[in-house]
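Take a look at the structure below.
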Amino acid sequence: MANFAKEMKIEKKDILQRKDIKTMVDKFYDKVKSDELLGPVFSHVDWPHHLPTMYNFWSSMLLGDQTYRGNPLQKHLPLPIEKKHFGRWLELFKETVDENFIGEKADEVKMRADTIANVFQYRMGLNA
Ligand code: HEM
């Protein structure tokens with residue numbers, strides 16, 4: 001029985017294709033939307049527009065397809081966010097990655113999120 005359960009378990013894989021990026025982004029924002037701290041910051045967001053932007057952003061980062069054009073920092077400057085929001089954002093992001101993926105790209109995406117969050121915080125005067 002234990003073996004059966006083990007065989008039925010879906011093995012986690014790395015983030016290798018755009019459909020994996022989509023899974024990661026969708027699951028991450030599901031968490032964000034229902035989060036007490038982060039949810040309100042996203043209340044103005046037009047999801048049908050934002051989600052494909054985020055698929056493009058992360059797939060440019062991880063798969064190198066150059067589908068994202070934009071200036072992410074600029075979008076964050078006017079938001080009512082503090083250090084604690086970054087902490088929570090990173091927590092939920094890494095949790096989402098770990099719950100769904102394992103491997104080199106999964107490690108890379110968490111590292112990149114950390115780096116970018118640090119740059120944003122520094123540029124926003126939040127003392128990363
Ligand atoms: C405190 C943490 C964060 C919060 C609360 C937050 C919130 C938001 C919100 C509300 C938007 C939509 C802006 C708009 O179109 O009006 C947005 C866009 C975006 N965010 Fe964040 N964000 C956070 C951290 C990050 C980090 C760490 C990254 C990257 C690793 C990131 C990447 C982006 C990108 C690429 C966009 C799309 C920009 C565009 O439209 O071109 N965000 N974010």
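Each chain of the structure tokens is named A, B, ... in the order shown, its residues numbered from 1; ligands are numbered from 1 in display order.
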Review point. Hey, what's within 12 Å of region 78-91 of chain A if we count only C-alpha atoms and toss same-chain stuff fewer than 4 positions away? As a ChimeraX atom specification, please?
Key: /A:28-29,31-33,35-45,72-74,95-98,109-122,124-128
Review point. In chain A, what's alpha helix (DSSP H) per DSSP? Answer as a ChimeraX atom specification?
Key: /A:2-8,18-33,47-62,72-76,83-100,104-123
Compile the contact shell of Glu99 (chain A) as a PDB file with N, CA and C atoms, in the first residue's frame: residues with an atom at most 10 Å away, counting only C-alpha atoms, same-chain residues fewer than 6 positions apart removed.
ATOM      1  N   LYS A  12       7.724  15.712  -8.670  1.00  0.00           N
ATOM      2  CA  LYS A  12       7.971  17.109  -9.038  1.00  0.00           C
ATOM      3  C   LYS A  12       9.062  17.171 -10.091  1.00  0.00           C
ATOM      4  N   MET A  24       3.442  28.101 -12.323  1.00  0.00           N
ATOM      5  CA  MET A  24       4.090  28.801 -11.210  1.00  0.00           C
ATOM      6  C   MET A  24       3.429  30.153 -10.953  1.00  0.00           C
ATOM      7  N   LYS A  27      -0.325  29.866  -9.699  1.00  0.00           N
ATOM      8  CA  LYS A  27      -0.420  29.401  -8.313  1.00  0.00           C
ATOM      9  C   LYS A  27       0.094  30.456  -7.341  1.00  0.00           C
TER      10      LYS A  27
END
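Nearest to ligand 1 of all the residues A:Phe57, A:Lys94, A:Gly64, A:Gly103 is A:Phe57, counting only C-alpha atoms and all ligand atoms.
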Check your understanding: Taking only C-alpha atoms and all ligand atoms into account, which of A:Asp65, A:Asp46, A:Asp107, A:Asp30 comes nearest ligand 1?
Key ->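 Among the listed residues, the smallest separation from ligand 1 belongs to A:Asp46.
Counting only C-alpha atoms, the residue from A:Ser34, A:Ser59, A:Gln66, A:Thr53 that sits nearest to Leu16 (chain A) is A:Ser59.
Interatomic distance, atom 41 (O, counted along the ligand's line) of ligand 1 against CA of Asn71 (chain A): 5.5 Å.
Distance annotation: of A:Trp58, A:Trp47, A:Phe101, A:Tyr68, the residue with the minimal separation from Lys13 (chain A) is A:Phe101; atom set is only C-alpha atoms.
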Revision key, fill the gap. note - atom 7 (C, counted along the ligand's line) of ligand 1 and CA of Glu104 (chain A) are separated by 25.8 Å
Practice item. Rank nothing, just name the residue among A:Thr67, A:His50, A:Ala106, A:Ser60 nearest to ligand 1, using only C-alpha atoms and all ligand atoms. Key: A:His50
Exercise for review: Pick out the closest residue to Ile21 (chain A) from this set: A:Pro48, A:Gly70, A:Ile102, A:Leu62. Count only C-alpha atoms.
Suggested key: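 For Ile21 (chain A), the nearest of the given residues is A:Leu62.
The spacing separating CA of Leu77 (chain A) from CA of Arg18 (chain A) amounts to 28.4 Å.
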